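**Q** This is final07.pdb, which holds PDB, C-alpha atoms:
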MODEL        1
ATOM      1  CA  ILE A   1       1.109  16.658  15.449
ATOM      2  CA  LEU A   2      -0.830  14.269  13.267
ATOM      3  CA  ASN A   3       1.245  12.648  10.509
ATOM      4  CA  VAL A   4      -0.451  11.928   7.223
ATOM      5  CA  GLU A   5       2.175  10.791   4.766
ATOM      6  CA  GLN A   6       1.912  10.273   1.042
ATOM      7  CA  SER A   7       4.311   8.478  -1.235
ATOM      8  CA  PRO A   8       5.794   8.925  -3.669
ATOM      9  CA  GLN A   9       6.054  12.715  -3.655
ATOM     10  CA  SER A  10       5.998  12.768  -7.461
ATOM     11  CA  LEU A  11       5.542  10.287 -10.241
ATOM     12  CA  HIS A  12       5.937  10.319 -14.005
ATOM     13  CA  VAL A  13       4.228   7.607 -16.040
ATOM     14  CA  GLN A  14       3.578   6.974 -19.706
ATOM     15  CA  GLU A  15       0.096   7.235 -21.150
ATOM     16  CA  GLY A  16      -1.626   3.892 -20.771
ATOM     17  CA  ASP A  17       0.355   2.817 -17.712
ATOM     18  CA  SER A  18      -1.444   1.926 -14.515
ATOM     19  CA  THR A  19      -0.143   3.403 -11.305
ATOM     20  CA  ASN A  20      -0.823   3.596  -7.606
ATOM     21  CA  PHE A  21       0.233   5.643  -4.620
ATOM     22  CA  THR A  22      -0.043   5.430  -0.887
ATOM     23  CA  CYS A  23      -1.447   7.437   2.004
ATOM     24  CA  SER A  24      -0.389   6.435   5.537
ATOM     25  CA  PHE A  25      -2.011   7.644   8.737
ATOM     26  CA  PRO A  26      -2.126   6.740  12.446
ATOM     27  CA  SER A  27      -4.601   3.866  12.634
ATOM     28  CA  SER A  28      -5.483   4.640  16.253
ATOM     29  CA  ASN A  29      -6.873   8.070  15.329
ATOM     30  CA  PHE A  30      -8.964   7.224  12.270
ATOM     31  CA  TYR A  31     -12.467   8.581  11.678
ATOM     32  CA  ALA A  32     -12.606   9.022   7.899
ATOM     33  CA  LEU A  33     -10.272   9.537   4.948
ATOM     34  CA  HIS A  34     -10.762  11.777   1.949
ATOM     35  CA  TRP A  35      -8.997  11.714  -1.418
ATOM     36  CA  TYR A  36      -8.862  14.913  -3.482
ATOM     37  CA  ARG A  37      -7.655  15.603  -6.981
ATOM     38  CA  TRP A  38      -5.954  18.958  -7.497
ATOM     39  CA  GLU A  39      -5.228  20.144 -11.021
ATOM     40  CA  THR A  40      -2.812  23.006 -11.591
ATOM     41  CA  ALA A  41      -4.485  26.429 -11.332
ATOM     42  CA  LYS A  42      -7.700  24.887 -10.047
ATOM     43  CA  SER A  43      -9.159  24.009  -6.644
ATOM     44  CA  PRO A  44      -8.988  20.589  -4.987
ATOM     45  CA  GLU A  45     -12.000  18.430  -5.808
ATOM     46  CA  ALA A  46     -13.154  15.446  -3.799
ATOM     47  CA  LEU A  47     -12.691  11.997  -5.306
ATOM     48  CA  PHE A  48     -13.613   9.663  -2.469
ATOM     49  CA  VAL A  49     -14.706   9.690   1.146
ATOM     50  CA  MET A  50     -13.745   6.441   2.869
ATOM     51  CA  THR A  51     -14.933   5.400   6.284
ATOM     52  CA  LEU A  52     -14.862   1.626   6.805
ATOM     53  CA  ASN A  53     -11.997  -0.827   6.922
ATOM     54  CA  GLY A  54     -11.927  -2.700   3.624
ATOM     55  CA  ASP A  55     -13.765   0.081   1.758
ATOM     56  CA  GLU A  56     -13.210   0.097  -1.977
ATOM     57  CA  LYS A  57     -14.407   3.041  -4.036
ATOM     58  CA  LYS A  58     -14.308   3.524  -7.785
ATOM     59  CA  LYS A  59     -14.865   6.430 -10.148
ATOM     60  CA  GLY A  60     -14.126   5.611 -13.768
ATOM     61  CA  ARG A  61     -10.496   4.509 -14.028
ATOM     62  CA  ILE A  62      -9.650   5.666 -10.503
ATOM     63  CA  SER A  63     -10.195   3.496  -7.446
ATOM     64  CA  ALA A  64      -9.151   3.510  -3.808
ATOM     65  CA  THR A  65      -8.881   1.021  -0.989
ATOM     66  CA  LEU A  66      -8.698   1.502   2.760
ATOM     67  CA  ASN A  67      -7.049  -0.448   5.578
ATOM     68  CA  THR A  68      -7.801   1.249   8.879
ATOM     69  CA  LYS A  69      -6.168  -1.474  11.001
ATOM     70  CA  GLU A  70      -2.738  -0.905   9.493
ATOM     71  CA  GLY A  71      -3.302   2.761   8.654
ATOM     72  CA  TYR A  72      -3.051   3.099   4.889
ATOM     73  CA  SER A  73      -5.046   3.783   1.760
ATOM     74  CA  TYR A  74      -4.078   3.158  -1.849
ATOM     75  CA  LEU A  75      -5.207   5.149  -4.864
ATOM     76  CA  TYR A  76      -5.059   3.346  -8.204
ATOM     77  CA  ILE A  77      -5.309   4.783 -11.704
ATOM     78  CA  LYS A  78      -5.812   2.289 -14.503
ATOM     79  CA  GLY A  79      -4.628   3.197 -17.993
ATOM     80  CA  SER A  80      -3.388   6.702 -17.112
ATOM     81  CA  GLN A  81      -4.262   9.526 -19.487
ATOM     82  CA  PRO A  82      -2.632  12.975 -19.760
ATOM     83  CA  GLU A  83      -5.770  14.502 -18.230
ATOM     84  CA  ASP A  84      -5.069  12.492 -15.055
ATOM     85  CA  SER A  85      -2.035  14.707 -14.439
ATOM     86  CA  ALA A  86      -2.680  16.391 -11.107
ATOM     87  CA  THR A  87      -1.703  16.345  -7.470
ATOM     88  CA  TYR A  88      -3.612  13.744  -5.479
ATOM     89  CA  LEU A  89      -4.157  14.635  -1.847
ATOM     90  CA  CYS A  90      -5.308  12.426   0.951
ATOM     91  CA  ALA A  91      -6.716  13.916   4.129
ATOM     92  CA  LEU A  92      -7.561  12.310   7.437
ATOM     93  CA  ILE A  93     -10.435  13.212   9.708
ATOM     94  CA  PRO A  94      -9.057  12.070  13.073
ATOM     95  CA  ILE A  95     -11.269  10.957  15.942
ATOM     96  CA  SER A  96      -9.641  13.744  17.938
ATOM     97  CA  SER A  97     -11.198  16.401  15.656
ATOM     98  CA  GLY A  98     -14.526  16.037  17.422
ATOM     99  CA  SER A  99     -17.634  17.516  15.826
ATOM    100  CA  ALA A 100     -15.667  19.970  13.680
ATOM    101  CA  ARG A 101     -14.409  17.153  11.444
ATOM    102  CA  GLN A 102     -11.409  19.146  10.286
ATOM    103  CA  LEU A 103      -9.063  17.499   7.823
ATOM    104  CA  THR A 104      -5.337  16.925   8.172
ATOM    105  CA  PHE A 105      -3.825  16.782   4.704
ATOM    106  CA  GLY A 106      -0.840  14.900   3.390
ATOM    107  CA  SER A 107       1.570  16.790   1.149
ATOM    108  CA  GLY A 108       0.271  15.054  -1.960
ATOM    109  CA  THR A 109       1.529  12.923  -4.830
ATOM    110  CA  GLN A 110       2.135  14.882  -8.018
ATOM    111  CA  LEU A 111       1.333  12.711 -11.029
ATOM    112  CA  THR A 112       2.472  13.570 -14.545
ATOM    113  CA  VAL A 113       1.220  11.406 -17.386
ATOM    114  CA  LEU A 114       3.399  11.717 -20.473
ATOM    115  CA  PRO A 115       1.741  11.309 -23.896
TER     116      PRO A 115
ATOM    117  CA  ASN B   1     -24.617  28.079  -7.990
ATOM    118  CA  ALA B   2     -21.280  29.843  -7.712
ATOM    119  CA  GLY B   3     -20.085  27.365  -5.069
ATOM    120  CA  VAL B   4     -17.231  28.791  -3.008
ATOM    121  CA  THR B   5     -15.798  32.126  -4.091
ATOM    122  CA  GLN B   6     -12.820  34.054  -2.748
ATOM    123  CA  THR B   7     -11.936  37.730  -2.980
ATOM    124  CA  PRO B   8      -9.375  38.917  -4.001
ATOM    125  CA  LYS B   9      -7.570  36.454  -6.273
ATOM    126  CA  PHE B  10      -4.184  38.148  -5.887
ATOM    127  CA  ARG B  11      -2.739  40.676  -3.488
ATOM    128  CA  VAL B  12       0.657  42.173  -2.711
ATOM    129  CA  LEU B  13       1.176  43.711   0.713
ATOM    130  CA  LYS B  14       4.040  45.445   2.453
ATOM    131  CA  THR B  15       5.194  44.191   5.831
ATOM    132  CA  GLY B  16       2.951  45.586   8.543
ATOM    133  CA  GLN B  17      -0.067  46.261   6.338
ATOM    134  CA  SER B  18      -3.409  44.680   7.086
ATOM    135  CA  MET B  19      -5.996  43.067   4.860
ATOM    136  CA  THR B  20      -9.090  40.889   4.878
ATOM    137  CA  LEU B  21      -9.773  37.930   2.626
ATOM    138  CA  LEU B  22     -13.412  37.163   1.938
ATOM    139  CA  CYS B  23     -14.853  33.707   1.399
ATOM    140  CA  ALA B  24     -18.471  33.254   0.354
ATOM    141  CA  GLN B  25     -20.475  30.088  -0.267
ATOM    142  CA  ASP B  26     -24.000  29.673  -1.598
ATOM    143  CA  MET B  27     -24.526  26.019  -0.661
ATOM    144  CA  ASN B  28     -25.918  26.684   2.825
ATOM    145  CA  HIS B  29     -22.974  24.838   4.395
ATOM    146  CA  GLU B  30     -22.534  24.958   8.141
ATOM    147  CA  TYR B  31     -18.789  24.346   8.217
ATOM    148  CA  MET B  32     -16.202  26.686   6.720
ATOM    149  CA  TYR B  33     -12.410  26.501   6.784
ATOM    150  CA  TRP B  34      -9.361  28.582   5.907
ATOM    151  CA  TYR B  35      -6.170  26.840   4.761
ATOM    152  CA  ARG B  36      -2.774  27.982   3.587
ATOM    153  CA  GLN B  37      -0.745  26.084   1.044
ATOM    154  CA  ASP B  38       3.033  26.403   0.891
ATOM    155  CA  PRO B  39       5.492  24.638  -1.434
ATOM    156  CA  GLY B  40       6.301  21.100  -0.311
ATOM    157  CA  MET B  41       3.643  21.131   2.358
ATOM    158  CA  GLY B  42       0.064  20.008   2.442
ATOM    159  CA  LEU B  43      -2.858  22.295   3.066
ATOM    160  CA  ARG B  44      -2.650  23.512   6.660
ATOM    161  CA  LEU B  45      -5.711  24.597   8.574
ATOM    162  CA  ILE B  46      -5.586  28.154   9.904
ATOM    163  CA  HIS B  47      -9.046  28.623  11.438
ATOM    164  CA  TYR B  48     -12.435  27.051  11.000
ATOM    165  CA  SER B  49     -16.081  27.635  11.861
ATOM    166  CA  VAL B  50     -18.817  25.141  12.642
ATOM    167  CA  GLY B  51     -21.601  27.682  12.338
ATOM    168  CA  GLU B  52     -22.589  31.325  12.214
ATOM    169  CA  GLY B  53     -21.001  33.253  15.062
ATOM    170  CA  THR B  54     -18.504  30.525  15.975
ATOM    171  CA  THR B  55     -14.817  30.211  15.117
ATOM    172  CA  ALA B  56     -11.937  28.062  16.303
ATOM    173  CA  LYS B  57      -8.190  27.774  15.834
ATOM    174  CA  GLY B  58      -6.630  25.260  13.519
ATOM    175  CA  GLU B  59      -3.063  24.087  13.173
ATOM    176  CA  VAL B  60      -1.427  27.443  12.250
ATOM    177  CA  PRO B  61      -3.585  30.289  13.640
ATOM    178  CA  ASP B  62      -0.896  32.778  14.730
ATOM    179  CA  GLY B  63      -1.050  36.122  12.964
ATOM    180  CA  TYR B  64      -4.592  35.581  11.661
ATOM    181  CA  ASN B  65      -8.071  36.375  12.878
ATOM    182  CA  VAL B  66     -11.431  35.276  11.498
ATOM    183  CA  SER B  67     -15.084  36.149  11.730
ATOM    184  CA  ARG B  68     -18.302  34.389  10.692
ATOM    185  CA  LEU B  69     -21.028  36.989  11.136
ATOM    186  CA  LYS B  70     -23.172  35.507   8.367
ATOM    187  CA  LYS B  71     -23.544  31.826   7.575
ATOM    188  CA  GLN B  72     -22.467  32.270   3.984
ATOM    189  CA  ASN B  73     -19.332  34.352   4.665
ATOM    190  CA  PHE B  74     -16.052  33.577   6.409
ATOM    191  CA  LEU B  75     -13.478  36.369   6.683
ATOM    192  CA  LEU B  76      -9.749  35.909   7.251
ATOM    193  CA  GLY B  77      -7.834  38.908   8.547
ATOM    194  CA  LEU B  78      -4.152  39.677   8.699
ATOM    195  CA  GLU B  79      -3.625  42.510  11.187
ATOM    196  CA  SER B  80       0.081  43.101  10.510
ATOM    197  CA  ALA B  81       1.319  41.131   7.527
ATOM    198  CA  ALA B  82       4.710  39.427   7.639
ATOM    199  CA  PRO B  83       6.759  37.863   4.809
ATOM    200  CA  SER B  84       6.136  34.447   6.415
ATOM    201  CA  GLN B  85       2.480  34.877   5.500
ATOM    202  CA  THR B  86       3.277  34.826   1.797
ATOM    203  CA  SER B  87       1.210  31.871   0.644
ATOM    204  CA  VAL B  88      -1.817  30.713  -1.294
ATOM    205  CA  TYR B  89      -4.938  30.777   0.847
ATOM    206  CA  PHE B  90      -7.860  28.457   0.248
ATOM    207  CA  CYS B  91     -11.300  28.581   1.728
ATOM    208  CA  ALA B  92     -13.495  25.503   1.918
ATOM    209  CA  SER B  93     -16.949  24.589   3.158
ATOM    210  CA  SER B  94     -18.895  21.442   3.907
ATOM    211  CA  TYR B  95     -22.272  20.199   5.095
ATOM    212  CA  ARG B  96     -22.905  19.252   8.687
ATOM    213  CA  SER B  97     -24.739  15.970   8.989
ATOM    214  CA  PHE B  98     -24.896  12.957  11.239
ATOM    215  CA  GLY B  99     -21.550  11.233  10.883
ATOM    216  CA  SER B 100     -20.189  14.246   8.989
ATOM    217  CA  TYR B 101     -17.974  12.403   6.551
ATOM    218  CA  ASN B 102     -18.805  15.006   3.964
ATOM    219  CA  GLU B 103     -16.345  16.247   1.389
ATOM    220  CA  GLN B 104     -15.116  19.798   1.470
ATOM    221  CA  PHE B 105     -15.708  22.171  -1.423
ATOM    222  CA  PHE B 106     -12.840  24.524  -2.128
ATOM    223  CA  GLY B 107     -12.636  28.056  -3.465
ATOM    224  CA  PRO B 108     -10.194  29.091  -6.214
ATOM    225  CA  GLY B 109      -7.555  30.435  -3.827
ATOM    226  CA  THR B 110      -5.981  33.819  -3.078
ATOM    227  CA  ARG B 111      -2.300  34.300  -3.812
ATOM    228  CA  LEU B 112      -0.816  36.681  -1.247
ATOM    229  CA  THR B 113       2.697  38.098  -1.373
ATOM    230  CA  VAL B 114       4.081  40.071   1.559
ATOM    231  CA  LEU B 115       7.167  42.125   0.747
TER     232      LEU B 115
ENDMDL
END
Written as structure tokens, how would this file's structure read?

**A**
Amino acid sequence: ILNVEQSPQSLHVQEGDSTNFTCSFPSSNFYALHWYRWETAKSPEALFVMTLNGDEKKKGRISATLNTKEGYSYLYIKGSQPEDSATYLCALIPISSGSARQLTFGSGTQLTVLP
Amino acid sequence: NAGVTQTPKFRVLKTGQSMTLLCAQDMNHEYMYWYRQDPGMGLRLIHYSVGEGTTAKGEVPDGYNVSRLKKQNFLLGLESAAPSQTSVYFCASSYRSFGSYNEQFFGPGTRLTVL
């Protein structure tokens, strides 16, 4: 069983606060890492696809970093807004998935931004 | 483009009944996936397909069957529903390309209750 772990499980922050959360994965089985944003009553939507050690990706106020040697990725949100409230999922494509490239998801970090 | 669509959106079954969930995508994606999402757990892969006429088992395939007779459609069948199959089911699809880091596009989900 492949362990992709996310922490914290849930997080409440005030509007304007910056926050970050972690995704951990087995470094020996890394091929690529995806981050998805999942709003309540909607479908998950891709934020970032990360492939190289040291990758940094940014989309507006949201950014992510990747350390494949130690097996973790951080997602940062700068100046959180209520519309950032969602569950953030990370998902690993392990080397062992072969050509199918199936994802193994973490259980997510549920972010609530309070106005 | 409709993207990824799922039919039906909701369904209630009695134990032992059968049903088929339909996933359709209009993005000409090669890869298609079926996941289930349960409280406190990440998305878990049930079955997937890397092309028309091919299917493979994911992490939790027991009790489900799938078919991919047309490239745009991926069917998930429950032959004899059990209460343990009460869940929200998501379909997803993605491109196949060299490297295949591509993000997955998700459907809106089907909420299934088995009594």

**Q** Quick one: pull the distance between CA of Gly54 (chain A) and CA of Gly71 (chain A), Å, one decimal.

**A**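 If I compute the distance from CA of Gly54 (chain A) to CA of Gly71 (chain A), I get 11.4 Å.
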
**Q** Here's the selection I'm unsure about, the ChimeraX specification (/B :<6) & /A; applied to the file above, which residues does it give, as a PyMOL selection string?

**A** chain A and resi 43+105-107

**Q** Which neighbours of region 7-13 of chain B fall inside 10 Å, counting all atoms listed in the file, when residues of the same chain fewer than 3 positions from it are skipped, and could you give them as a compact mmCIF listing (two decimals) with C-alpha atoms, keeping the file's coordinate frame?

**A**
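Dumped everything to around.txt:
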# COMPACT_ATOMS: atom_id res chain seq x y z
CA GLY B 16 2.95 45.59 8.54
CA GLN B 17 -0.07 46.26 6.34
CA SER B 18 -3.41 44.68 7.09
CA MET B 19 -6.00 43.07 4.86
CA THR B 20 -9.09 40.89 4.88
CA LEU B 21 -9.77 37.93 2.63
CA LEU B 22 -13.41 37.16 1.94
CA CYS B 23 -14.85 33.71 1.40
CA ALA B 24 -18.47 33.25 0.35
CA LEU B 75 -13.48 36.37 6.68
CA SER B 80 0.08 43.10 10.51
CA ALA B 81 1.32 41.13 7.53
CA ALA B 82 4.71 39.43 7.64
CA PRO B 83 6.76 37.86 4.81
CA THR B 86 3.28 34.83 1.80
CA VAL B 88 -1.82 30.71 -1.29
CA TYR B 89 -4.94 30.78 0.85
CA GLY B 107 -12.64 28.06 -3.46
CA PRO B 108 -10.19 29.09 -6.21
CA GLY B 109 -7.56 30.44 -3.83
CA THR B 110 -5.98 33.82 -3.08
CA ARG B 111 -2.30 34.30 -3.81
CA LEU B 112 -0.82 36.68 -1.25
CA THR B 113 2.70 38.10 -1.37
CA VAL B 114 4.08 40.07 1.56
CA LEU B 115 7.17 42.12 0.75

**Q** Name the residues that the PyMOL selection byres ((chain A and resi 17) around 10) picks from the file above, as a ChimeraX atom specification, using the file's chain letters and numbers.

**A** /A:13-16,18-19,77-81,113-114

**Q** Would you compute, for all listed atoms of region 52-71 of chain B, the axis-aligned bounding box grown by 5 Å on each side, and then report its centre and edge lengths in Å rounded to one decimal, as AutoDock Vina command-line options?

**A**
--center_x -12.2 --center_y 30.5 --center_z 11.9 --size_x 32.6 --size_y 22.9 --size_z 18.7

**Q** Work out how far CA of Leu111 (chain A) is from CA of Ser10 (chain A), in Å to one decimal.

**A** 5.9 Å

**Q** Where does the PyMOL selection byres ((chain B and resi 25) around 8) land in this file, that is, which residues does it pick, as number ranges by chain?

**A** B: 2-5, 23-24, 26-29, 72-73, 93

**Q** Which residues, written as a PyMOL selection string, have at least one atom at most 8 Å from Leu11 (chain A), with all atoms listed in the file counted and residues fewer than 5 positions away on the same chain left out?

**A** chain A and resi 109-112

**Q** Extract, using all atoms listed in the file, all DNA, RNA and protein residues at most 10 Å from Ser97 (chain A), discarding same-chain residues fewer than 6 positions from it, and format them as a ChimeraX atom specification.

**A** /A:29,31,103-104

**Q** Report, in Å with one decimal, the straight-line distance from CA of Lys59 (chain A) to CA of Leu47 (chain A).

**A**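 Atom-to-atom, CA of Lys59 (chain A) and CA of Leu47 (chain A) are spaced 7.7 Å apart.
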
**Q** Give me the residues near region 33-38 of chain A as a ChimeraX atom specification, where near means some atom within 7 Å (using all atoms listed in the file) and where sequence neighbours in that chain fewer than 5 positions away do not count.

**A** /A:43-51,86-93

**Q** Quick one: region 76-92 of chain B with N, CA, C and O atoms, as a PDB file, in the frame of the given file?

**A**
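Dumped everything to part31.pdb:
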ATOM      1  N   LEU B  76     -11.074  36.143   6.679  1.00  0.00           N
ATOM      2  CA  LEU B  76      -9.749  35.909   7.251  1.00  0.00           C
ATOM      3  C   LEU B  76      -8.988  37.225   7.249  1.00  0.00           C
ATOM      4  O   LEU B  76      -8.822  37.839   6.200  1.00  0.00           O
ATOM      5  N   GLY B  77      -8.539  37.641   8.433  1.00  0.00           N
ATOM      6  CA  GLY B  77      -7.834  38.908   8.547  1.00  0.00           C
ATOM      7  C   GLY B  77      -6.379  38.730   8.924  1.00  0.00           C
ATOM      8  O   GLY B  77      -6.023  37.845   9.703  1.00  0.00           O
ATOM      9  N   LEU B  78      -5.552  39.573   8.317  1.00  0.00           N
ATOM     10  CA  LEU B  78      -4.152  39.677   8.699  1.00  0.00           C
ATOM     11  C   LEU B  78      -3.987  41.072   9.265  1.00  0.00           C
ATOM     12  O   LEU B  78      -4.158  42.066   8.549  1.00  0.00           O
ATOM     13  N   GLU B  79      -3.692  41.187  10.545  1.00  0.00           N
ATOM     14  CA  GLU B  79      -3.625  42.510  11.187  1.00  0.00           C
ATOM     15  C   GLU B  79      -2.335  43.246  10.847  1.00  0.00           C
ATOM     16  O   GLU B  79      -2.320  44.446  10.625  1.00  0.00           O
ATOM     17  N   SER B  80      -1.227  42.516  10.801  1.00  0.00           N
ATOM     18  CA  SER B  80       0.081  43.101  10.510  1.00  0.00           C
ATOM     19  C   SER B  80       0.873  42.075   9.711  1.00  0.00           C
ATOM     20  O   SER B  80       1.523  41.200  10.283  1.00  0.00           O
ATOM     21  N   ALA B  81       0.769  42.177   8.393  1.00  0.00           N
ATOM     22  CA  ALA B  81       1.319  41.131   7.527  1.00  0.00           C
ATOM     23  C   ALA B  81       2.832  41.003   7.675  1.00  0.00           C
ATOM     24  O   ALA B  81       3.554  42.000   7.848  1.00  0.00           O
ATOM     25  N   ALA B  82       3.280  39.751   7.583  1.00  0.00           N
ATOM     26  CA  ALA B  82       4.710  39.427   7.639  1.00  0.00           C
ATOM     27  C   ALA B  82       5.084  38.599   6.421  1.00  0.00           C
ATOM     28  O   ALA B  82       4.226  37.897   5.863  1.00  0.00           O
ATOM     29  N   PRO B  83       6.345  38.663   5.976  1.00  0.00           N
ATOM     30  CA  PRO B  83       6.759  37.863   4.809  1.00  0.00           C
ATOM     31  C   PRO B  83       6.451  36.373   4.957  1.00  0.00           C
ATOM     32  O   PRO B  83       6.199  35.698   3.956  1.00  0.00           O
ATOM     33  N   SER B  84       6.440  35.866   6.190  1.00  0.00           N
ATOM     34  CA  SER B  84       6.136  34.447   6.415  1.00  0.00           C
ATOM     35  C   SER B  84       4.690  34.095   6.068  1.00  0.00           C
ATOM     36  O   SER B  84       4.331  32.911   5.989  1.00  0.00           O
ATOM     37  N   GLN B  85       3.875  35.115   5.870  1.00  0.00           N
ATOM     38  CA  GLN B  85       2.480  34.877   5.500  1.00  0.00           C
ATOM     39  C   GLN B  85       2.275  34.880   3.991  1.00  0.00           C
ATOM     40  O   GLN B  85       1.139  34.747   3.516  1.00  0.00           O
ATOM     41  N   THR B  86       3.342  35.010   3.246  1.00  0.00           N
ATOM     42  CA  THR B  86       3.277  34.826   1.797  1.00  0.00           C
ATOM     43  C   THR B  86       2.871  33.385   1.528  1.00  0.00           C
ATOM     44  O   THR B  86       3.538  32.447   1.966  1.00  0.00           O
ATOM     45  N   SER B  87       1.753  33.211   0.823  1.00  0.00           N
ATOM     46  CA  SER B  87       1.210  31.871   0.644  1.00  0.00           C
ATOM     47  C   SER B  87       0.023  31.939  -0.303  1.00  0.00           C
ATOM     48  O   SER B  87      -0.379  33.011  -0.747  1.00  0.00           O
ATOM     49  N   VAL B  88      -0.538  30.778  -0.606  1.00  0.00           N
ATOM     50  CA  VAL B  88      -1.817  30.713  -1.294  1.00  0.00           C
ATOM     51  C   VAL B  88      -2.849  30.266  -0.265  1.00  0.00           C
ATOM     52  O   VAL B  88      -2.658  29.261   0.428  1.00  0.00           O
ATOM     53  N   TYR B  89      -3.917  31.027  -0.158  1.00  0.00           N
ATOM     54  CA  TYR B  89      -4.938  30.777   0.847  1.00  0.00           C
ATOM     55  C   TYR B  89      -6.185  30.197   0.187  1.00  0.00           C
ATOM     56  O   TYR B  89      -6.685  30.732  -0.801  1.00  0.00           O
ATOM     57  N   PHE B  90      -6.658  29.105   0.750  1.00  0.00           N
ATOM     58  CA  PHE B  90      -7.860  28.457   0.248  1.00  0.00           C
ATOM     59  C   PHE B  90      -8.930  28.446   1.326  1.00  0.00           C
ATOM     60  O   PHE B  90      -8.660  28.156   2.491  1.00  0.00           O
ATOM     61  N   CYS B  91     -10.131  28.720   0.884  1.00  0.00           N
ATOM     62  CA  CYS B  91     -11.300  28.581   1.728  1.00  0.00           C
ATOM     63  C   CYS B  91     -12.039  27.324   1.301  1.00  0.00           C
ATOM     64  O   CYS B  91     -12.018  26.949   0.117  1.00  0.00           O
ATOM     65  N   ALA B  92     -12.705  26.685   2.238  1.00  0.00           N
ATOM     66  CA  ALA B  92     -13.495  25.503   1.918  1.00  0.00           C
ATOM     67  C   ALA B  92     -14.734  25.482   2.793  1.00  0.00           C
ATOM     68  O   ALA B  92     -14.774  26.119   3.859  1.00  0.00           O
TER      69      ALA B  92
END
